[in-house]
>>> print(open('query-v1.pdb').read())   # PDB, C-alpha atoms
MODEL        1
ATOM      1  CA  MET A1484     -63.661  37.482  33.942
ATOM      2  CA  MET A1485     -67.105  36.616  35.303
ATOM      3  CA  ASP A1486     -68.444  40.158  34.664
ATOM      4  CA  ASP A1487     -67.200  39.995  31.061
ATOM      5  CA  LYS A1488     -68.893  36.630  30.519
ATOM      6  CA  VAL A1489     -72.191  37.880  31.936
ATOM      7  CA  LEU A1490     -72.109  41.020  29.811
ATOM      8  CA  LEU A1491     -71.193  39.075  26.680
ATOM      9  CA  ALA A1492     -74.071  36.651  27.250
ATOM     10  CA  ALA A1493     -76.417  39.641  27.440
ATOM     11  CA  LEU A1494     -75.010  41.485  24.421
ATOM     12  CA  VAL A1495     -75.133  38.507  22.055
ATOM     13  CA  LYS A1496     -78.891  38.345  22.575
ATOM     14  CA  PHE A1497     -79.107  41.602  20.624
ATOM     15  CA  LEU A1498     -77.551  40.129  17.480
ATOM     16  CA  GLY A1499     -80.036  40.802  14.691
ATOM     17  CA  LYS A1500     -82.306  42.754  17.046
ATOM     18  CA  ALA A1501     -82.449  46.449  17.928
ATOM     19  CA  GLU A1502     -84.392  46.002  21.156
ATOM     20  CA  LEU A1503     -85.414  43.307  23.613
ATOM     21  CA  PRO A1504     -87.790  43.162  26.584
ATOM     22  CA  ALA A1505     -86.095  43.033  29.972
ATOM     23  CA  SER A1506     -87.688  39.634  30.566
ATOM     24  CA  GLN A1507     -85.218  38.152  28.065
ATOM     25  CA  PHE A1508     -82.375  38.686  30.543
ATOM     26  CA  THR A1509     -81.514  37.208  33.925
ATOM     27  CA  THR A1510     -81.218  39.503  36.913
ATOM     28  CA  ILE A1511     -77.417  39.384  36.816
ATOM     29  CA  GLN A1512     -77.457  40.127  33.076
ATOM     30  CA  ARG A1513     -79.744  43.108  33.647
ATOM     31  CA  ASN A1514     -77.416  44.475  36.315
ATOM     32  CA  SER A1515     -74.489  44.087  33.911
ATOM     33  CA  LEU A1516     -76.438  45.732  31.074
ATOM     34  CA  ASP A1517     -77.395  48.649  33.307
ATOM     35  CA  ARG A1518     -73.719  49.255  34.179
ATOM     36  CA  PHE A1519     -72.816  48.951  30.490
ATOM     37  CA  ALA A1520     -75.502  51.481  29.575
ATOM     38  CA  ARG A1521     -74.280  53.991  32.165
ATOM     39  CA  GLN A1522     -70.623  53.615  31.205
ATOM     40  CA  THR A1523     -70.944  53.596  27.391
ATOM     41  CA  GLY A1524     -74.330  54.911  26.298
ATOM     42  CA  ALA A1525     -74.462  52.146  23.681
ATOM     43  CA  VAL A1526     -77.747  50.795  25.025
ATOM     44  CA  SER A1527     -80.592  52.268  27.005
ATOM     45  CA  CYS A1528     -83.375  50.929  29.177
ATOM     46  CA  GLN A1529     -86.826  52.436  28.775
ATOM     47  CA  ARG A1530     -90.140  51.680  30.434
ATOM     48  CA  GLN A1531     -92.707  50.329  27.985
ATOM     49  CA  GLY A1532     -96.177  49.587  29.293
ATOM     50  CA  ARG A1533     -95.836  47.553  32.466
ATOM     51  CA  GLY A1534     -92.324  46.392  31.662
ATOM     52  CA  GLU A1535     -88.973  47.662  30.483
ATOM     53  CA  THR A1536     -87.173  47.381  27.166
ATOM     54  CA  TYR A1537     -83.467  47.459  26.384
ATOM     55  CA  ARG A1538     -82.556  49.154  23.103
ATOM     56  CA  VAL A1539     -79.312  49.555  21.157
ATOM     57  CA  VAL A1540     -78.961  53.327  20.651
ATOM     58  CA  ASN A1541     -75.402  53.508  19.293
ATOM     59  CA  LEU A1542     -74.780  50.529  17.021
ATOM     60  CA  ALA A1543     -71.162  51.389  16.153
ATOM     61  CA  LEU A1544     -70.223  51.713  19.828
ATOM     62  CA  PHE A1545     -72.174  48.559  20.678
ATOM     63  CA  GLU A1546     -70.291  46.542  18.037
ATOM     64  CA  THR A1547     -66.944  47.919  19.193
ATOM     65  CA  HIS A1548     -67.530  46.681  22.733
ATOM     66  CA  LEU A1549     -68.936  43.359  21.527
ATOM     67  CA  LYS A1550     -65.836  42.772  19.399
ATOM     68  CA  ALA A1551     -63.599  43.639  22.349
ATOM     69  CA  LEU A1552     -65.368  41.045  24.495
ATOM     70  CA  SER A1553     -65.517  38.436  21.734
ATOM     71  CA  PRO A1554     -62.824  38.915  19.070
ATOM     72  CA  GLY A1555     -63.929  35.812  17.174
ATOM     73  CA  MET A1556     -67.682  36.434  17.249
ATOM     74  CA  LYS A1557     -67.795  36.489  13.449
ATOM     75  CA  GLY A1558     -65.955  34.294  11.015
ATOM     76  CA  LEU A1559     -65.161  31.161  13.038
ATOM     77  CA  ASP A1560     -68.439  29.295  12.659
ATOM     78  CA  GLU A1561     -67.282  27.674   9.436
ATOM     79  CA  CYS A1562     -63.631  27.308  10.410
ATOM     80  CA  ASP A1563     -62.144  23.928  11.211
ATOM     81  CA  VAL A1564     -60.982  24.718  14.739
ATOM     82  CA  PRO A1565     -61.683  22.763  17.954
ATOM     83  CA  LEU A1566     -64.630  23.809  20.081
ATOM     84  CA  ARG A1567     -62.540  25.037  23.016
ATOM     85  CA  ALA A1568     -60.327  27.077  20.669
ATOM     86  CA  ARG A1569     -63.490  28.652  19.260
ATOM     87  CA  ASN A1570     -64.568  29.464  22.814
ATOM     88  CA  ILE A1571     -61.306  31.365  23.339
ATOM     89  CA  ALA A1572     -61.990  33.366  20.189
ATOM     90  CA  ASP A1573     -65.589  34.054  21.175
ATOM     91  CA  ASN A1574     -65.138  34.589  24.903
ATOM     92  CA  ARG A1575     -61.379  34.754  25.657
ATOM     93  CA  TYR A1576     -61.940  31.645  27.801
ATOM     94  CA  SER A1577     -61.932  27.993  26.687
ATOM     95  CA  LYS A1578     -64.500  26.794  29.249
ATOM     96  CA  THR A1579     -67.288  29.253  28.420
ATOM     97  CA  GLY A1580     -70.624  27.849  27.286
ATOM     98  CA  ALA A1581     -70.598  24.338  25.820
ATOM     99  CA  HIS A1582     -66.949  23.788  26.668
ATOM    100  CA  ARG A1583     -66.708  20.021  26.530
ATOM    101  CA  HIS A1584     -64.139  18.352  24.331
ATOM    102  CA  GLU A1585     -65.433  16.890  21.090
ATOM    103  CA  HIS A1586     -64.135  13.362  21.759
ATOM    104  CA  TYR A1587     -64.027  11.033  24.741
ATOM    105  CA  TYR A1588     -61.323   8.429  25.300
ATOM    106  CA  LEU A1589     -62.406   5.487  27.443
ATOM    107  CA  LEU A1590     -59.614   3.835  29.436
ATOM    108  CA  LEU A1591     -60.103   0.056  29.624
ATOM    109  CA  LYS A1592     -58.453  -3.019  31.049
ATOM    110  CA  ALA A1593     -59.431  -6.676  30.930
ATOM    111  CA  VAL A1594     -59.987  -8.992  33.882
ATOM    112  CA  GLY A1595     -59.858 -12.654  32.872
ATOM    113  CA  ASP A1596     -59.181 -14.354  29.569
ATOM    114  CA  ASP A1597     -60.495 -13.706  26.063
ATOM    115  CA  VAL A1598     -62.060 -10.309  26.699
ATOM    116  CA  LEU A1599     -62.645  -8.881  23.232
ATOM    117  CA  TRP A1600     -64.201  -5.703  21.830
ATOM    118  CA  ARG A1601     -65.508  -5.582  18.242
ATOM    119  CA  GLU A1602     -66.378  -2.729  15.928
ATOM    120  CA  THR A1603     -68.617  -4.528  13.426
ATOM    121  CA  GLY A1604     -69.126  -1.467  11.250
ATOM    122  CA  ARG A1605     -65.434  -1.386  10.317
ATOM    123  CA  GLY A1606     -64.638  -5.023  10.948
ATOM    124  CA  VAL A1607     -61.941  -4.320  13.556
ATOM    125  CA  GLU A1608     -61.256  -5.884  16.943
ATOM    126  CA  LEU A1609     -59.554  -4.902  20.192
ATOM    127  CA  PRO A1610     -58.230  -8.040  21.969
ATOM    128  CA  LEU A1611     -58.374  -6.371  25.377
ATOM    129  CA  THR A1612     -56.955  -9.245  27.431
ATOM    130  CA  GLN A1613     -53.859  -9.307  25.242
ATOM    131  CA  ALA A1614     -53.558  -5.497  25.235
ATOM    132  CA  THR A1615     -53.836  -5.412  29.036
ATOM    133  CA  ARG A1616     -51.086  -8.005  29.408
ATOM    134  CA  ASN A1617     -48.811  -6.215  26.953
ATOM    135  CA  PHE A1618     -49.487  -2.573  27.780
ATOM    136  CA  GLY A1619     -51.409  -2.453  31.065
ATOM    137  CA  ALA A1620     -54.534  -0.891  29.541
ATOM    138  CA  ALA A1621     -56.089   0.223  26.270
ATOM    139  CA  SER A1622     -58.160   3.170  25.129
ATOM    140  CA  LEU A1623     -61.138   3.619  22.804
ATOM    141  CA  ALA A1624     -62.099   6.917  21.190
ATOM    142  CA  VAL A1625     -65.843   6.466  21.597
ATOM    143  CA  ASP A1626     -68.578   7.964  19.478
ATOM    144  CA  ALA A1627     -72.322   7.371  19.780
ATOM    145  CA  ASN A1628     -72.404   6.344  16.107
ATOM    146  CA  ASP A1629     -69.748   3.617  16.369
ATOM    147  CA  SER A1630     -70.569  -0.043  16.956
ATOM    148  CA  TRP A1631     -67.973  -1.032  19.558
ATOM    149  CA  SER A1632     -69.285  -3.741  21.893
ATOM    150  CA  THR A1633     -68.193  -6.714  23.970
ATOM    151  CA  GLU A1634     -69.883  -9.948  24.994
ATOM    152  CA  SER A1635     -68.525  -9.647  28.547
ATOM    153  CA  ASP A1636     -69.615  -7.287  31.324
ATOM    154  CA  LEU A1637     -68.436  -3.685  31.630
ATOM    155  CA  TRP A1638     -67.626  -2.310  35.087
ATOM    156  CA  LEU A1639     -67.419   1.472  35.528
ATOM    157  CA  VAL A1640     -65.259   2.687  38.433
ATOM    158  CA  GLU A1641     -64.890   6.229  39.702
ATOM    159  CA  ASN A1642     -61.404   6.122  41.228
ATOM    160  CA  GLN A1643     -58.118   5.058  39.647
ATOM    161  CA  GLY A1644     -57.167   2.802  42.556
ATOM    162  CA  LEU A1645     -59.976   0.409  41.605
ATOM    163  CA  PHE A1646     -58.723   0.432  38.021
ATOM    164  CA  ASP A1647     -55.077  -0.116  38.939
ATOM    165  CA  ARG A1648     -55.804  -3.099  41.166
ATOM    166  CA  THR A1649     -58.767  -5.318  40.365
ATOM    167  CA  ASP A1650     -58.587  -7.986  43.074
ATOM    168  CA  TRP A1651     -61.694  -6.459  44.662
ATOM    169  CA  LEU A1652     -63.888  -7.912  41.916
ATOM    170  CA  PRO A1653     -66.000 -11.005  42.644
ATOM    171  CA  ALA A1654     -64.052 -14.231  42.143
ATOM    172  CA  GLY A1655     -64.156 -15.575  38.614
ATOM    173  CA  THR A1656     -65.044 -12.244  37.024
ATOM    174  CA  VAL A1657     -64.359 -12.017  33.287
ATOM    175  CA  ALA A1658     -65.041  -8.451  32.280
ATOM    176  CA  THR A1659     -63.814  -5.044  31.197
ATOM    177  CA  VAL A1660     -63.091  -2.427  33.856
ATOM    178  CA  ALA A1661     -63.327   1.190  32.709
ATOM    179  CA  TYR A1662     -62.089   4.207  34.675
ATOM    180  CA  TYR A1663     -64.085   7.434  34.242
ATOM    181  CA  GLY A1664     -62.567   9.741  36.867
ATOM    182  CA  GLY A1665     -65.143  11.344  39.166
ATOM    183  CA  GLN A1666     -67.959  12.381  36.822
ATOM    184  CA  LEU A1667     -69.572  10.390  34.024
ATOM    185  CA  ASN A1668     -68.908  12.363  30.866
ATOM    186  CA  GLY A1669     -71.924  13.216  28.732
ATOM    187  CA  LEU A1670     -70.264  11.812  25.613
ATOM    188  CA  LEU A1671     -69.667   8.529  27.438
ATOM    189  CA  LEU A1672     -73.304   8.384  28.549
ATOM    190  CA  ARG A1673     -74.520   8.972  24.994
ATOM    191  CA  TRP A1674     -72.178   6.273  23.725
ATOM    192  CA  LEU A1675     -73.384   3.769  26.321
ATOM    193  CA  GLY A1676     -77.011   4.600  25.649
ATOM    194  CA  SER A1677     -76.909   4.565  21.856
ATOM    195  CA  ARG A1678     -76.804   0.735  21.619
ATOM    196  CA  PRO A1679     -75.965  -2.275  23.818
ATOM    197  CA  ARG A1680     -72.225  -2.100  24.498
ATOM    198  CA  ALA A1681     -71.772  -5.013  26.919
ATOM    199  CA  ALA A1682     -73.597  -7.980  28.400
ATOM    200  CA  LYS A1683     -74.173  -5.889  31.547
ATOM    201  CA  VAL A1684     -73.016  -2.445  32.644
ATOM    202  CA  ILE A1685     -72.158  -2.438  36.349
ATOM    203  CA  HIS A1686     -71.486   0.828  38.137
ATOM    204  CA  PHE A1687     -69.291   0.953  41.243
ATOM    205  CA  PRO A1688     -68.909   4.562  42.421
ATOM    206  CA  ASP A1689     -68.223   6.098  45.801
ATOM    207  CA  TYR A1690     -71.275   5.806  48.034
ATOM    208  CA  ASP A1691     -71.770   9.556  48.261
ATOM    209  CA  GLY A1692     -73.933  12.198  46.622
ATOM    210  CA  VAL A1693     -71.794  12.398  43.490
ATOM    211  CA  GLY A1694     -71.740   8.627  43.066
ATOM    212  CA  VAL A1695     -75.492   8.346  43.537
ATOM    213  CA  ALA A1696     -76.116  11.222  41.111
ATOM    214  CA  ASN A1697     -73.874   9.633  38.498
ATOM    215  CA  PHE A1698     -75.775   6.363  38.755
ATOM    216  CA  VAL A1699     -79.068   8.202  38.255
ATOM    217  CA  ARG A1700     -77.631   9.741  35.083
ATOM    218  CA  LEU A1701     -76.374   6.352  33.912
ATOM    219  CA  ARG A1702     -79.751   4.758  34.580
ATOM    220  CA  ALA A1703     -81.491   7.537  32.652
ATOM    221  CA  ALA A1704     -79.365   6.575  29.643
ATOM    222  CA  LEU A1705     -79.491   2.778  30.006
ATOM    223  CA  GLY A1706     -82.569   1.947  32.060
ATOM    224  CA  GLU A1707     -82.533  -1.604  33.390
ATOM    225  CA  ARG A1708     -79.406  -2.425  31.366
ATOM    226  CA  CYS A1709     -77.225  -1.097  34.185
ATOM    227  CA  SER A1710     -76.899  -1.880  37.872
ATOM    228  CA  PHE A1711     -75.243  -0.397  40.958
ATOM    229  CA  TRP A1712     -72.781  -2.680  42.762
ATOM    230  CA  LEU A1713     -73.003  -2.996  46.512
ATOM    231  CA  MET A1714     -69.746  -4.273  47.984
ATOM    232  CA  PRO A1715     -69.905  -7.087  50.553
ATOM    233  CA  ASP A1716     -70.608  -5.801  54.085
ATOM    234  CA  TRP A1717     -71.271  -2.311  52.747
ATOM    235  CA  ASP A1718     -73.417  -1.445  55.773
ATOM    236  CA  LEU A1719     -70.748  -2.460  58.283
ATOM    237  CA  LYS A1720     -68.101  -0.536  56.342
ATOM    238  CA  LEU A1721     -70.320   2.523  56.136
ATOM    239  CA  ASN A1722     -70.626   2.480  59.922
ATOM    240  CA  ARG A1723     -66.916   1.920  60.527
ATOM    241  CA  TYR A1724     -65.234   3.881  57.734
ATOM    242  CA  GLY A1725     -67.907   6.297  56.545
ATOM    243  CA  SER A1726     -67.105  10.016  56.414
ATOM    244  CA  THR A1727     -69.408  12.709  57.762
ATOM    245  CA  GLN A1728     -67.425  15.373  55.879
ATOM    246  CA  LEU A1729     -67.894  13.604  52.543
ATOM    247  CA  TRP A1730     -71.596  13.228  53.331
ATOM    248  CA  ARG A1731     -71.944  16.949  54.013
ATOM    249  CA  ASP A1732     -69.895  17.944  50.973
ATOM    250  CA  THR A1733     -72.103  15.930  48.591
ATOM    251  CA  LEU A1734     -75.446  16.196  50.390
ATOM    252  CA  ARG A1735     -77.004  18.455  47.771
ATOM    253  CA  ASP A1736     -76.305  15.899  45.024
ATOM    254  CA  PHE A1737     -77.668  13.117  47.218
ATOM    255  CA  ALA A1738     -80.865  15.009  47.992
ATOM    256  CA  CYS A1739     -81.572  15.597  44.299
ATOM    257  CA  ALA A1740     -80.714  12.076  43.146
ATOM    258  CA  SER A1741     -81.929   9.770  45.929
ATOM    259  CA  PRO A1742     -85.666   9.968  45.045
ATOM    260  CA  LEU A1743     -84.767   8.618  41.579
ATOM    261  CA  LEU A1744     -82.912   5.532  42.803
ATOM    262  CA  PRO A1745     -84.336   2.059  42.132
ATOM    263  CA  GLU A1746     -85.964   0.228  45.018
ATOM    264  CA  TYR A1747     -83.021  -2.108  45.655
ATOM    265  CA  LEU A1748     -80.856   0.881  46.633
ATOM    266  CA  GLY A1749     -83.350   2.073  49.237
ATOM    267  CA  PRO A1750     -81.467   0.424  52.141
ATOM    268  CA  LEU A1751     -78.198   2.108  51.086
ATOM    269  CA  ALA A1752     -79.832   5.525  50.752
ATOM    270  CA  ASP A1753     -81.604   5.137  54.106
ATOM    271  CA  HIS A1754     -78.420   4.025  55.857
ATOM    272  CA  MET A1755     -76.458   6.966  54.436
ATOM    273  CA  ARG A1756     -79.187   9.382  55.450
ATOM    274  CA  GLN A1757     -79.612   7.999  58.960
ATOM    275  CA  SER A1758     -75.895   7.731  59.697
ATOM    276  CA  GLY A1759     -74.962  11.000  57.998
ATOM    277  CA  ARG A1760     -72.015   9.232  56.366
ATOM    278  CA  ALA A1761     -70.675   8.524  52.891
ATOM    279  CA  LEU A1762     -68.215   5.810  51.915
ATOM    280  CA  GLU A1763     -65.373   5.844  49.410
ATOM    281  CA  GLN A1764     -64.720   2.995  46.987
ATOM    282  CA  GLU A1765     -61.329   2.041  48.376
ATOM    283  CA  SER A1766     -62.972   0.743  51.544
ATOM    284  CA  VAL A1767     -63.739  -2.381  49.498
ATOM    285  CA  TRP A1768     -60.307  -3.680  50.653
ATOM    286  CA  LEU A1769     -60.782  -2.889  54.345
ATOM    287  CA  PRO A1770     -61.767  -5.465  56.974
ATOM    288  CA  VAL A1771     -64.987  -5.110  58.928
ATOM    289  CA  ARG A1772     -63.740  -6.890  62.072
TER     290      ARG A1772
ENDMDL
END
>>> encode(input="query-v1.pdb", output="C-alpha cells")
Amino acid sequence: MMDDKVLLAALVKFLGKAELPASQFTTIQRNSLDRFARQTGAVSCQRQGRGETYRVVNLALFETHLKALSPGMKGLDECDVPLRARNIADNRYSKTGAHRHEHYYLLLKAVGDDVLWRETGRGVELPLTQATRNFGAASLAVDANDSWSTESDLWLVENQGLFDRTDWLPAGTVATVAYYGGQLNGLLLRWLGSRPRAAKVIHFPDYDGVGVANFVRLRAALGERCSFWLMPDWDLKLNRYGSTQLWRDTLRDFACASPLLPEYLGPLADHMRQSGRALEQESVWLPVR
C-alpha cells in the first residue's frame, strides 16, 4: 500500500509533462521511480548536465500503470462525490492526501441556565441549556462562513470524561463545554478563528505534548481570545499523579510547541520538563493530600 502511494505521487507529477528533473522528487519517490523504470521500461532516468532527468519513454504503458494505481484519476473532479470517496477512486485508499471530512460536527452541552447559541445570518437559535436537559447534548455542523456564536464562554475539553461530568468546572460557571476528542480538527480551528464565537474560549487539554501543541494551534487561530486553563493545585498533582510514560510518548510534540507558549504557561512547561512527567485531565478530580 505504501509503495503504491509513493509511486502514484511520483507518477502524477508527470501529468502534462514528458520529463522532469530529479530534483522534483523526494528520495523515496526516486527510489520508487527507479524500480518502476527497471520493471516496466515506461520511464527512464538520464544524466543531464550535473543532474538527472526522468523521462516518459512509453506513454501508453505509463498511462496503463497510472490507471491501475488510480482508477479514478480522470473524470471525478467535477462529480458530486465526497472527498474521501474521491480518494478511493484516485488512490484506492480513503485517507490518502487531503483526507479530512468536508464537515465538522461540534458536540456541545450547557452548564448553567440560559446558555444560547444564535446564527444571525439565518435567524435561528439553539437553546443549549434546554437541549442539554432534554437530550444530554447537542451538535452543530460548523462552517467558517456561518455566524453561530454565544454570549457565554466556550470550554474545549480533550477527553469525554470531562464532557460527561462537568462538576470539575469553577463554581458558578455558565458556559458551553465542547468535546473535541484528542486533536483539534482543522475545520474547527478555522471556524473558531473566522469570527468571535464566544465571550472567551478556554482550553483544558491534557498537560502533555499533544495538549500543549493543540493549544499552540488554537492560539495561532485566536490569539489572545483564548486561554489555557490550569486546574487548582496542578503542580502538586503533576508531582503525585504525573506519568513519565506519557511525557516520553509526547515529548516530540512538547519540544516543538513549548517555545511558542505564552509567558503565563512558563511555570507549567518548566515543571513538566524538570519532572519528566505529563498529567491527564481526569486528575482534576483527584485529591492532593
>>> resolve_selection(input="query-v1.pdb", expression="the PyMOL selection byres ((chain A and resi 1513-1519) around 9)", output="ChimeraX atom specification")
/A:1486-1487,1489-1490,1493-1494,1505,1508-1512,1520-1528,1537
>>> residues_around(input="query-v1.pdb", residues="range 1617-1633 of chain A", least_positions_apart="3", cutoff="12 Å", atoms="only C-alpha atoms", output="VMD selection string")
chain A and resid 1585 to 1594 1597 to 1614 1636 to 1638 1646 to 1648 1657 to 1663 1668 to 1684
>>> atom_distance(input="query-v1.pdb", atom1="CA of Ser1766 in chain A", atom2="CA of Ser1635 in chain A")
25.8 Å
>>> closest_residue(input="query-v1.pdb", among="A:Cys1709, A:Met1714, A:Leu1667, A:Leu1552", to="Trp1768 in chain A", atoms="all atoms listed in the file")
A:Met1714
>>> atom_distance(input="query-v1.pdb", atom1="CA of Leu1744 in chain A", atom2="CA of Thr1656 in chain A")
25.9 Å
>>> closest_residue(input="query-v1.pdb", among="A:Leu1748, A:Val1693, A:Ser1758, A:Pro1504", to="Arg1533 in chain A", atoms="only C-alpha atoms")
A:Pro1504
>>> closest_residue(input="query-v1.pdb", among="A:Lys1500, A:Arg1616, A:Arg1708, A:Lys1720", to="Val1539 in chain A", atoms="all atoms listed in the file")
A:Lys1500
>>> atom_distance(input="query-v1.pdb", atom1="CA of Gln1529 in chain A", atom2="CA of Ala1543 in chain A")
20.1 Å
>>> closest_residue(input="query-v1.pdb", among="A:Asn1697, A:Ser1710, A:Thr1615, A:Asn1642", to="Ile1685 in chain A", atoms="only C-alpha atoms")
A:Ser1710
>>> resolve_selection(input="query-v1.pdb", expression="the PyMOL selection byres ((chain A and resi 1718) around 10)", output="number ranges by chain")
A: 1713-1717, 1719-1725, 1750-1751, 1754-1755, 1762, 1771
>>> write_last_selection(input="query-v1.pdb", atoms="C-alpha atoms", output="compact mmCIF listing (two decimals), keeping the file's coordinate frame")
# COMPACT_ATOMS: atom_id res chain seq x y z
CA LEU A 1713 -73.00 -3.00 46.51
CA MET A 1714 -69.75 -4.27 47.98
CA PRO A 1715 -69.90 -7.09 50.55
CA ASP A 1716 -70.61 -5.80 54.08
CA TRP A 1717 -71.27 -2.31 52.75
CA LEU A 1719 -70.75 -2.46 58.28
CA LYS A 1720 -68.10 -0.54 56.34
CA LEU A 1721 -70.32 2.52 56.14
CA ASN A 1722 -70.63 2.48 59.92
CA ARG A 1723 -66.92 1.92 60.53
CA TYR A 1724 -65.23 3.88 57.73
CA GLY A 1725 -67.91 6.30 56.54
CA PRO A 1750 -81.47 0.42 52.14
CA LEU A 1751 -78.20 2.11 51.09
CA HIS A 1754 -78.42 4.03 55.86
CA MET A 1755 -76.46 6.97 54.44
CA LEU A 1762 -68.22 5.81 51.92
CA VAL A 1771 -64.99 -5.11 58.93
>>> decode(input="query-v1.pdb", residues="range 1492-1504 of chain A", atoms="N, CA and C atoms", output="PDB file, in the first residue's frame")
ATOM      1  N   ALA A1492       2.283   9.124  -6.235  1.00  0.00           N
ATOM      2  CA  ALA A1492       2.636  10.526  -6.007  1.00  0.00           C
ATOM      3  C   ALA A1492       3.715  10.983  -6.981  1.00  0.00           C
ATOM      4  N   ALA A1493       4.621  10.078  -7.339  1.00  0.00           N
ATOM      5  CA  ALA A1493       5.668  10.420  -8.303  1.00  0.00           C
ATOM      6  C   ALA A1493       5.119  10.491  -9.724  1.00  0.00           C
ATOM      7  N   LEU A1494       4.285   9.523 -10.092  1.00  0.00           N
ATOM      8  CA  LEU A1494       3.779   9.469 -11.469  1.00  0.00           C
ATOM      9  C   LEU A1494       2.873  10.641 -11.800  1.00  0.00           C
ATOM     10  N   VAL A1495       2.054  11.083 -10.841  1.00  0.00           N
ATOM     11  CA  VAL A1495       1.118  12.171 -11.159  1.00  0.00           C
ATOM     12  C   VAL A1495       1.857  13.476 -11.453  1.00  0.00           C
ATOM     13  N   LYS A1496       3.093  13.584 -11.009  1.00  0.00           N
ATOM     14  CA  LYS A1496       3.865  14.789 -11.325  1.00  0.00           C
ATOM     15  C   LYS A1496       4.161  14.904 -12.809  1.00  0.00           C
ATOM     16  N   PHE A1497       4.068  13.779 -13.523  1.00  0.00           N
ATOM     17  CA  PHE A1497       4.330  13.791 -14.965  1.00  0.00           C
ATOM     18  C   PHE A1497       3.122  14.231 -15.784  1.00  0.00           C
ATOM     19  N   LEU A1498       1.961  14.361 -15.169  1.00  0.00           N
ATOM     20  CA  LEU A1498       0.768  14.701 -15.944  1.00  0.00           C
ATOM     21  C   LEU A1498       0.973  16.026 -16.667  1.00  0.00           C
ATOM     22  N   GLY A1499       0.873  15.971 -17.996  1.00  0.00           N
ATOM     23  CA  GLY A1499       1.088  17.157 -18.820  1.00  0.00           C
ATOM     24  C   GLY A1499       2.542  17.449 -19.100  1.00  0.00           C
ATOM     25  N   LYS A1500       3.444  16.568 -18.659  1.00  0.00           N
ATOM     26  CA  LYS A1500       4.879  16.783 -18.852  1.00  0.00           C
ATOM     27  C   LYS A1500       5.517  15.480 -19.328  1.00  0.00           C
ATOM     28  N   ALA A1501       6.470  15.599 -20.244  1.00  0.00           N
ATOM     29  CA  ALA A1501       7.165  14.415 -20.753  1.00  0.00           C
ATOM     30  C   ALA A1501       8.410  14.095 -19.940  1.00  0.00           C
ATOM     31  N   GLU A1502       8.972  15.105 -19.272  1.00  0.00           N
ATOM     32  CA  GLU A1502      10.168  14.867 -18.478  1.00  0.00           C
ATOM     33  C   GLU A1502      10.217  15.842 -17.310  1.00  0.00           C
ATOM     34  N   LEU A1503      10.953  15.436 -16.279  1.00  0.00           N
ATOM     35  CA  LEU A1503      11.082  16.243 -15.071  1.00  0.00           C
ATOM     36  C   LEU A1503      12.469  16.051 -14.484  1.00  0.00           C
ATOM     37  N   PRO A1504      13.063  17.107 -13.934  1.00  0.00           N
ATOM     38  CA  PRO A1504      14.360  16.929 -13.258  1.00  0.00           C
ATOM     39  C   PRO A1504      14.197  16.095 -11.998  1.00  0.00           C
TER      40      PRO A1504
END
